[in-house]
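Colleague: I am sharing run.cif, which consists of mmCIF, N, CA, C and O atoms:
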data_work
loop_
_atom_site.label_atom_id
_atom_site.label_comp_id
_atom_site.auth_asym_id
_atom_site.auth_seq_id
_atom_site.Cartn_x
_atom_site.Cartn_y
_atom_site.Cartn_z
N MET A 1 132.63 369.57 130.03
CA MET A 1 131.70 369.60 128.93
C MET A 1 130.41 370.30 129.38
O MET A 1 129.88 370.03 130.45
N LYS A 2 129.91 371.19 128.54
CA LYS A 2 128.70 371.93 128.86
C LYS A 2 127.46 371.08 128.58
O LYS A 2 127.44 370.27 127.66
N SER A 3 126.43 371.33 129.36
CA SER A 3 125.15 370.66 129.12
C SER A 3 124.44 371.33 127.94
O SER A 3 124.82 372.43 127.51
N HIS A 4 123.42 370.67 127.47
CA HIS A 4 122.63 371.24 126.38
C HIS A 4 122.06 372.60 126.77
O HIS A 4 122.12 373.56 126.00
N ASN A 5 121.51 372.68 127.97
CA ASN A 5 120.92 373.95 128.42
C ASN A 5 121.95 375.05 128.55
O ASN A 5 121.68 376.21 128.23
N GLU A 6 123.15 374.70 129.01
CA GLU A 6 124.21 375.69 129.12
C GLU A 6 124.63 376.22 127.75
O GLU A 6 124.81 377.43 127.56
N MET A 7 124.75 375.30 126.79
CA MET A 7 125.11 375.73 125.43
C MET A 7 124.01 376.60 124.84
O MET A 7 124.27 377.61 124.20
N LEU A 8 122.76 376.19 125.05
CA LEU A 8 121.63 376.94 124.52
C LEU A 8 121.61 378.36 125.08
O LEU A 8 121.42 379.33 124.34
N GLN A 9 121.82 378.49 126.37
CA GLN A 9 121.83 379.82 126.99
C GLN A 9 122.96 380.68 126.43
O GLN A 9 122.80 381.88 126.21
N GLU A 10 124.09 380.06 126.17
CA GLU A 10 125.22 380.79 125.58
C GLU A 10 124.89 381.25 124.15
O GLU A 10 125.12 382.39 123.78
N TRP A 11 124.32 380.34 123.37
CA TRP A 11 123.97 380.68 121.98
C TRP A 11 122.90 381.76 121.92
O TRP A 11 122.88 382.58 121.01
N LYS A 12 121.99 381.76 122.90
CA LYS A 12 120.92 382.75 122.91
C LYS A 12 121.42 384.18 123.12
O LYS A 12 120.66 385.12 122.94
N GLN A 13 122.67 384.32 123.48
CA GLN A 13 123.26 385.66 123.61
C GLN A 13 123.47 386.30 122.25
O GLN A 13 123.59 387.52 122.13
N ASP A 14 123.50 385.48 121.20
CA ASP A 14 123.67 385.96 119.83
C ASP A 14 122.30 386.37 119.30
O ASP A 14 121.39 385.55 119.19
N PRO A 15 122.09 387.65 118.94
CA PRO A 15 120.78 388.12 118.48
C PRO A 15 120.26 387.38 117.25
O PRO A 15 119.06 387.14 117.14
N VAL A 16 121.14 387.01 116.34
CA VAL A 16 120.71 386.27 115.14
C VAL A 16 120.20 384.89 115.54
O VAL A 16 119.14 384.45 115.07
N PHE A 17 120.94 384.22 116.42
CA PHE A 17 120.50 382.91 116.91
C PHE A 17 119.15 383.04 117.60
O PHE A 17 118.23 382.24 117.35
N GLN A 18 119.02 384.03 118.48
CA GLN A 18 117.78 384.22 119.23
C GLN A 18 116.60 384.46 118.30
O GLN A 18 115.52 383.91 118.51
N GLN A 19 116.80 385.23 117.26
CA GLN A 19 115.72 385.51 116.31
C GLN A 19 115.26 384.22 115.61
O GLN A 19 114.07 383.97 115.49
N GLU A 20 116.22 383.42 115.17
CA GLU A 20 115.88 382.17 114.50
C GLU A 20 115.25 381.18 115.48
O GLU A 20 114.31 380.46 115.14
N TYR A 21 115.75 381.15 116.69
CA TYR A 21 115.20 380.27 117.72
C TYR A 21 113.74 380.63 118.00
O TYR A 21 112.88 379.76 118.11
N ASP A 22 113.47 381.92 118.09
CA ASP A 22 112.11 382.38 118.35
C ASP A 22 111.15 381.97 117.25
O ASP A 22 109.98 381.67 117.51
N LYS A 23 111.63 381.95 116.02
CA LYS A 23 110.79 381.53 114.89
C LYS A 23 110.34 380.08 115.03
O LYS A 23 109.31 379.69 114.50
N LEU A 24 111.14 379.29 115.72
CA LEU A 24 110.86 377.86 115.87
C LEU A 24 110.15 377.52 117.19
O LEU A 24 109.93 376.36 117.49
N GLU A 25 109.78 378.53 117.94
CA GLU A 25 109.20 378.29 119.26
C GLU A 25 107.99 377.36 119.22
O GLU A 25 107.87 376.44 120.04
N ALA A 26 107.09 377.55 118.27
CA ALA A 26 105.90 376.70 118.18
C ALA A 26 106.27 375.24 117.94
O ALA A 26 105.65 374.33 118.50
N GLU A 27 107.30 375.02 117.12
CA GLU A 27 107.74 373.65 116.86
C GLU A 27 108.33 373.03 118.12
O GLU A 27 108.06 371.87 118.43
N PHE A 28 109.14 373.79 118.85
CA PHE A 28 109.71 373.27 120.08
C PHE A 28 108.61 372.94 121.09
O PHE A 28 108.69 371.93 121.80
N LEU A 29 107.59 373.77 121.14
CA LEU A 29 106.47 373.50 122.05
C LEU A 29 105.75 372.21 121.66
O LEU A 29 105.32 371.45 122.54
N LEU A 30 105.61 371.96 120.36
CA LEU A 30 104.98 370.74 119.90
C LEU A 30 105.78 369.52 120.35
O LEU A 30 105.22 368.56 120.88
N PHE A 31 107.11 369.55 120.17
CA PHE A 31 107.96 368.43 120.61
C PHE A 31 107.76 368.18 122.10
O PHE A 31 107.60 367.04 122.53
N ASP A 32 107.78 369.25 122.88
CA ASP A 32 107.61 369.12 124.33
C ASP A 32 106.26 368.51 124.68
O ASP A 32 106.16 367.65 125.55
N GLU A 33 105.21 368.97 124.00
CA GLU A 33 103.86 368.44 124.27
C GLU A 33 103.79 366.95 123.97
O GLU A 33 103.21 366.18 124.73
N LEU A 34 104.34 366.53 122.84
CA LEU A 34 104.31 365.12 122.47
C LEU A 34 105.04 364.27 123.51
O LEU A 34 104.48 363.28 124.01
N LEU A 35 106.25 364.67 123.84
CA LEU A 35 107.04 363.89 124.80
C LEU A 35 106.41 363.87 126.18
O LEU A 35 106.34 362.81 126.82
N ASN A 36 105.94 365.01 126.64
CA ASN A 36 105.32 365.07 127.97
C ASN A 36 104.06 364.22 128.04
O ASN A 36 103.82 363.53 129.04
N ALA A 37 103.24 364.27 127.00
CA ALA A 37 102.01 363.48 127.00
C ALA A 37 102.32 361.99 127.06
O ALA A 37 101.68 361.23 127.80
N ARG A 38 103.32 361.55 126.28
CA ARG A 38 103.69 360.13 126.28
C ARG A 38 104.25 359.72 127.64
O ARG A 38 103.87 358.68 128.20
N LYS A 39 105.13 360.55 128.20
CA LYS A 39 105.72 360.22 129.49
C LYS A 39 104.68 360.20 130.61
O LYS A 39 104.69 359.32 131.46
N GLU A 40 103.75 361.16 130.58
CA GLU A 40 102.68 361.20 131.59
C GLU A 40 101.78 359.97 131.49
O GLU A 40 101.23 359.51 132.49
N ALA A 41 101.64 359.44 130.27
CA ALA A 41 100.83 358.24 130.07
C ALA A 41 101.61 356.98 130.46
O ALA A 41 101.03 355.89 130.52
N GLY A 42 102.91 357.13 130.72
CA GLY A 42 103.73 355.99 131.11
C GLY A 42 103.98 355.03 129.96
O GLY A 42 104.11 353.82 130.18
N LEU A 43 104.04 355.57 128.74
CA LEU A 43 104.19 354.73 127.55
C LEU A 43 105.57 354.89 126.91
O LEU A 43 106.19 355.95 127.02
N THR A 44 106.01 353.85 126.24
CA THR A 44 107.22 353.93 125.44
C THR A 44 106.83 354.30 124.01
O THR A 44 105.64 354.26 123.65
N GLN A 45 107.82 354.62 123.21
CA GLN A 45 107.54 354.88 121.80
C GLN A 45 106.95 353.64 121.14
O GLN A 45 106.05 353.76 120.30
N ALA A 46 107.41 352.47 121.53
CA ALA A 46 106.87 351.23 120.97
C ALA A 46 105.39 351.06 121.33
O ALA A 46 104.59 350.63 120.50
N ASP A 47 105.03 351.40 122.58
CA ASP A 47 103.63 351.33 123.00
C ASP A 47 102.76 352.24 122.13
O ASP A 47 101.68 351.84 121.67
N VAL A 48 103.24 353.46 121.94
CA VAL A 48 102.47 354.43 121.14
C VAL A 48 102.36 353.94 119.70
O VAL A 48 101.28 354.02 119.09
N ALA A 49 103.45 353.42 119.17
CA ALA A 49 103.43 352.91 117.80
C ALA A 49 102.40 351.80 117.65
O ALA A 49 101.63 351.78 116.68
N ASP A 50 102.35 350.87 118.62
CA ASP A 50 101.36 349.79 118.58
C ASP A 50 99.95 350.35 118.57
O ASP A 50 99.10 349.92 117.79
N ARG A 51 99.70 351.32 119.41
CA ARG A 51 98.36 351.92 119.51
C ARG A 51 97.99 352.70 118.25
O ARG A 51 96.81 352.81 117.92
N MET A 52 99.00 353.26 117.59
CA MET A 52 98.75 354.03 116.36
C MET A 52 98.71 353.15 115.13
O MET A 52 98.31 353.59 114.06
N GLY A 53 99.17 351.91 115.26
CA GLY A 53 99.24 351.02 114.11
C GLY A 53 100.38 351.39 113.18
O GLY A 53 100.25 351.31 111.95
N THR A 54 101.50 351.79 113.76
CA THR A 54 102.65 352.19 112.97
C THR A 54 103.92 351.60 113.59
O THR A 54 103.85 350.79 114.51
N LYS A 55 105.07 352.01 113.09
CA LYS A 55 106.35 351.51 113.59
C LYS A 55 106.92 352.47 114.64
O LYS A 55 106.65 353.68 114.60
N THR A 56 107.74 351.92 115.51
CA THR A 56 108.39 352.72 116.54
C THR A 56 109.21 353.84 115.90
O THR A 56 109.24 354.97 116.41
N SER A 57 109.86 353.56 114.78
CA SER A 57 110.69 354.57 114.12
C SER A 57 109.85 355.76 113.66
O SER A 57 110.32 356.90 113.68
N ALA A 58 108.60 355.52 113.29
CA ALA A 58 107.72 356.62 112.87
C ALA A 58 107.38 357.52 114.06
O ALA A 58 107.33 358.75 113.93
N VAL A 59 107.16 356.91 115.22
CA VAL A 59 106.88 357.69 116.43
C VAL A 59 108.12 358.49 116.82
O VAL A 59 108.04 359.66 117.18
N ALA A 60 109.28 357.86 116.71
CA ALA A 60 110.55 358.55 117.04
C ALA A 60 110.74 359.76 116.13
O ALA A 60 111.12 360.84 116.59
N ARG A 61 110.48 359.59 114.84
CA ARG A 61 110.60 360.72 113.90
C ARG A 61 109.61 361.82 114.23
O ARG A 61 109.93 363.00 114.18
N LEU A 62 108.39 361.44 114.58
CA LEU A 62 107.36 362.42 114.93
C LEU A 62 107.80 363.23 116.15
O LEU A 62 107.70 364.46 116.16
N GLU A 63 108.31 362.54 117.17
CA GLU A 63 108.74 363.24 118.37
C GLU A 63 110.00 364.07 118.17
O GLU A 63 110.18 365.09 118.81
N ALA A 64 110.85 363.64 117.26
CA ALA A 64 112.10 364.35 117.03
C ALA A 64 111.96 365.50 116.05
O ALA A 64 112.69 366.48 116.12
N GLY A 65 111.03 365.38 115.13
CA GLY A 65 110.89 366.41 114.11
C GLY A 65 109.45 366.73 113.82
O GLY A 65 109.09 366.97 112.68
N GLY A 66 108.63 366.71 114.86
CA GLY A 66 107.19 366.91 114.71
C GLY A 66 106.79 368.12 113.92
O GLY A 66 105.78 368.12 113.24
N GLY A 67 107.55 369.17 113.97
CA GLY A 67 107.18 370.38 113.27
C GLY A 67 108.08 370.75 112.13
O GLY A 67 107.92 371.80 111.54
N SER A 68 109.05 369.89 111.83
CA SER A 68 109.99 370.26 110.76
C SER A 68 109.28 370.33 109.42
O SER A 68 108.33 369.60 109.17
N LYS A 69 109.75 371.20 108.57
CA LYS A 69 109.12 371.37 107.26
C LYS A 69 109.21 370.11 106.43
O LYS A 69 108.33 369.81 105.64
N LYS A 70 110.28 369.34 106.60
CA LYS A 70 110.47 368.13 105.81
C LYS A 70 109.49 367.03 106.20
O LYS A 70 109.01 366.29 105.37
N HIS A 71 109.21 366.92 107.49
CA HIS A 71 108.33 365.85 107.98
C HIS A 71 107.22 366.42 108.85
O HIS A 71 106.95 365.92 109.92
N SER A 72 106.58 367.45 108.39
CA SER A 72 105.52 368.07 109.17
C SER A 72 104.33 367.11 109.27
O SER A 72 103.81 366.65 108.26
N PRO A 73 103.90 366.80 110.49
CA PRO A 73 102.81 365.82 110.65
C PRO A 73 101.46 366.40 110.27
O PRO A 73 101.21 367.59 110.43
N SER A 74 100.60 365.53 109.78
CA SER A 74 99.24 365.95 109.46
C SER A 74 98.42 366.02 110.75
O SER A 74 98.81 365.47 111.78
N ILE A 75 97.29 366.67 110.66
CA ILE A 75 96.39 366.73 111.81
C ILE A 75 95.90 365.32 112.15
O ILE A 75 95.78 364.97 113.32
N ALA A 76 95.68 364.50 111.12
CA ALA A 76 95.25 363.12 111.36
C ALA A 76 96.30 362.36 112.16
O ALA A 76 95.97 361.62 113.10
N THR A 77 97.57 362.54 111.84
CA THR A 77 98.65 361.86 112.57
C THR A 77 98.71 362.37 114.01
O THR A 77 98.86 361.58 114.95
N LEU A 78 98.60 363.67 114.19
CA LEU A 78 98.62 364.23 115.54
C LEU A 78 97.42 363.72 116.35
O LEU A 78 97.54 363.45 117.55
N ASN A 79 96.27 363.57 115.71
CA ASN A 79 95.09 363.02 116.38
C ASN A 79 95.34 361.58 116.82
O ASN A 79 94.98 361.19 117.93
N LYS A 80 95.94 360.78 115.94
CA LYS A 80 96.25 359.39 116.29
C LYS A 80 97.20 359.33 117.48
O LYS A 80 97.04 358.51 118.37
N TYR A 81 98.21 360.18 117.44
CA TYR A 81 99.18 360.23 118.54
C TYR A 81 98.47 360.61 119.83
O TYR A 81 98.66 359.96 120.87
N ALA A 82 97.65 361.66 119.77
CA ALA A 82 96.93 362.11 120.96
C ALA A 82 96.06 360.99 121.54
O ALA A 82 96.09 360.75 122.76
N GLU A 83 95.33 360.31 120.69
CA GLU A 83 94.48 359.21 121.16
C GLU A 83 95.33 358.10 121.77
O GLU A 83 94.95 357.52 122.79
N ALA A 84 96.47 357.82 121.17
CA ALA A 84 97.34 356.74 121.64
C ALA A 84 97.88 357.02 123.04
O ALA A 84 98.12 356.09 123.80
N VAL A 85 98.06 358.31 123.37
CA VAL A 85 98.58 358.65 124.70
C VAL A 85 97.48 359.11 125.66
O VAL A 85 97.75 359.64 126.73
N GLY A 86 96.23 358.90 125.26
CA GLY A 86 95.11 359.21 126.14
C GLY A 86 94.76 360.68 126.21
O GLY A 86 94.30 361.16 127.25
N CYS A 87 94.99 361.39 125.13
CA CYS A 87 94.70 362.83 125.08
C CYS A 87 93.78 363.12 123.90
O CYS A 87 93.47 362.24 123.10
N ARG A 88 93.38 364.35 123.81
CA ARG A 88 92.70 364.82 122.61
C ARG A 88 93.50 366.00 122.07
O ARG A 88 94.12 366.75 122.81
N LEU A 89 93.49 366.13 120.75
CA LEU A 89 94.23 367.20 120.10
C LEU A 89 93.40 368.48 120.14
O LEU A 89 92.20 368.45 119.86
N GLU A 90 94.03 369.57 120.50
CA GLU A 90 93.37 370.87 120.51
C GLU A 90 94.29 371.85 119.82
O GLU A 90 95.44 372.01 120.20
N ILE A 91 93.77 372.49 118.78
CA ILE A 91 94.55 373.48 118.05
C ILE A 91 93.85 374.82 118.19
O ILE A 91 92.64 374.91 117.96
N ARG A 92 94.61 375.83 118.59
CA ARG A 92 94.02 377.16 118.78
C ARG A 92 94.84 378.20 118.06
O ARG A 92 96.05 378.07 117.94
N LEU A 93 94.18 379.22 117.61
CA LEU A 93 94.86 380.41 117.09
C LEU A 93 94.82 381.46 118.18
O LEU A 93 93.77 381.74 118.76
N ILE A 94 95.98 382.03 118.44
CA ILE A 94 96.08 383.02 119.50
C ILE A 94 96.53 384.33 118.89
O ILE A 94 97.55 384.40 118.21
N ARG A 95 95.73 385.35 119.10
CA ARG A 95 96.05 386.67 118.55
C ARG A 95 97.36 387.17 119.13
O ARG A 95 97.61 387.10 120.32
N CYS A 96 98.20 387.71 118.27
CA CYS A 96 99.51 388.23 118.69
C CYS A 96 99.38 389.63 119.23
O CYS A 96 98.55 390.39 118.89
#
Please, can you express the file's structure as C-alpha cells?

Modeller:
Amino acid sequence: MKSHNEMLQEWKQDPVFQQEYDKLEAEFLLFDELLNARKEAGLTQADVADRMGTKTSAVARLEAGGGSKKHSPSIATLNKYAEAVGCRLEIRLIRC
C-alpha cells in the first residue's frame, strides 16, 4: 500500500492535477500552520476548543477544512484559534 506522500507525488505527475493542487496551495498552508501551531503548543483539539469556548468538533473542522469554500473561517475565528495556541494572527499580501 502506498503512503499518502507517495500517492500525492504520483498524482502530481498529471498536469491537470498539479494545476488544481497549486490553486489550493494557500489553503494547504493554512492547514499546516494551524496543526503545527497547536502541536508546538503541546495542545489537543479539546484543549484548543476549551480555550476558544467552542466544541472539539468545531476545532477539528477548522483544522480539516480551514480554507474550504464551504466552511471558510472568519478572521475572528482564526484570531481565537491563534490566541488559544499562544500565537498571533498575521495576514500578509505578497506580490506575485

Colleague: Can you tell me how far atom C of Ala60 in chain A sits from atom O of Gly86 in chain A, in Å to one decimal?

Modeller: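 Separation between atom C of Ala60 in chain A and atom O of Gly86 in chain A: 19.9 Å.
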
Colleague: Work out how far CA of Pro73 in chain A is from CA of Met52 in chain A, in Å to one decimal.

Modeller: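 Between these atoms lies a distance of 13.7 Å.
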
Colleague: Separation of atom O of Val16 in chain A and CA of Ser74 in chain A, in Å?

Modeller: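 Atom O of Val16 in chain A sits 27.7 Å away from CA of Ser74 in chain A.
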
Colleague: Find the residues near Gly53 in chain A: any atom within 12 Å, counting only C-alpha atoms, skip ones fewer than 6 places away on the same chain, and give them as a CSV table (one decimal) with N, CA, C and O atoms, keeping the file's coordinate frame.

Modeller:
chain,number,residue,atom,x,y,z
A,45,GLN,N,107.8,354.6,123.2
A,45,GLN,CA,107.5,354.9,121.8
A,45,GLN,C,107.0,353.6,121.1
A,45,GLN,O,106.0,353.8,120.3
A,46,ALA,N,107.4,352.5,121.5
A,46,ALA,CA,106.9,351.2,121.0
A,46,ALA,C,105.4,351.1,121.3
A,46,ALA,O,104.6,350.6,120.5
A,47,ASP,N,105.0,351.4,122.6
A,47,ASP,CA,103.6,351.3,123.0
A,47,ASP,C,102.8,352.2,122.1
A,47,ASP,O,101.7,351.8,121.7
A,59,VAL,N,107.2,356.9,115.2
A,59,VAL,CA,106.9,357.7,116.4
A,59,VAL,C,108.1,358.5,116.8
A,59,VAL,O,108.0,359.7,117.2
A,77,THR,N,97.6,362.5,111.8
A,77,THR,CA,98.6,361.9,112.6
A,77,THR,C,98.7,362.4,114.0
A,77,THR,O,98.9,361.6,115.0
A,80,LYS,N,95.9,360.8,115.9
A,80,LYS,CA,96.2,359.4,116.3
A,80,LYS,C,97.2,359.3,117.5
A,80,LYS,O,97.0,358.5,118.4
A,81,TYR,N,98.2,360.2,117.4
A,81,TYR,CA,99.2,360.2,118.5
A,81,TYR,C,98.5,360.6,119.8
A,81,TYR,O,98.7,360.0,120.9
A,83,GLU,N,95.3,360.3,120.7
A,83,GLU,CA,94.5,359.2,121.2
A,83,GLU,C,95.3,358.1,121.8
A,83,GLU,O,95.0,357.5,122.8
A,84,ALA,N,96.5,357.8,121.2
A,84,ALA,CA,97.3,356.7,121.6
A,84,ALA,C,97.9,357.0,123.0
A,84,ALA,O,98.1,356.1,123.8

Colleague: What parts of range 47-93 of chain A does DSSP call alpha helix (DSSP H)? I'd like the answer as a list of chain:residue names.

Modeller: A:Asp47, A:Val48, A:Ala49, A:Asp50, A:Arg51, A:Met52, A:Thr56, A:Ser57, A:Ala58, A:Val59, A:Ala60, A:Arg61, A:Leu62, A:Glu63, A:Ala64, A:Gly65, A:Ile75, A:Ala76, A:Thr77, A:Leu78, A:Asn79, A:Lys80, A:Tyr81, A:Ala82, A:Glu83, A:Ala84

Colleague: Taking the file as I've supplied it (selection: the PyMOL selection byres ((chain A and resi 28-40) around 8)), which residues are included? Please answer as number ranges by chain.

Modeller: A: 21, 23-27, 41-45, 48, 62-67, 81-82, 84-87
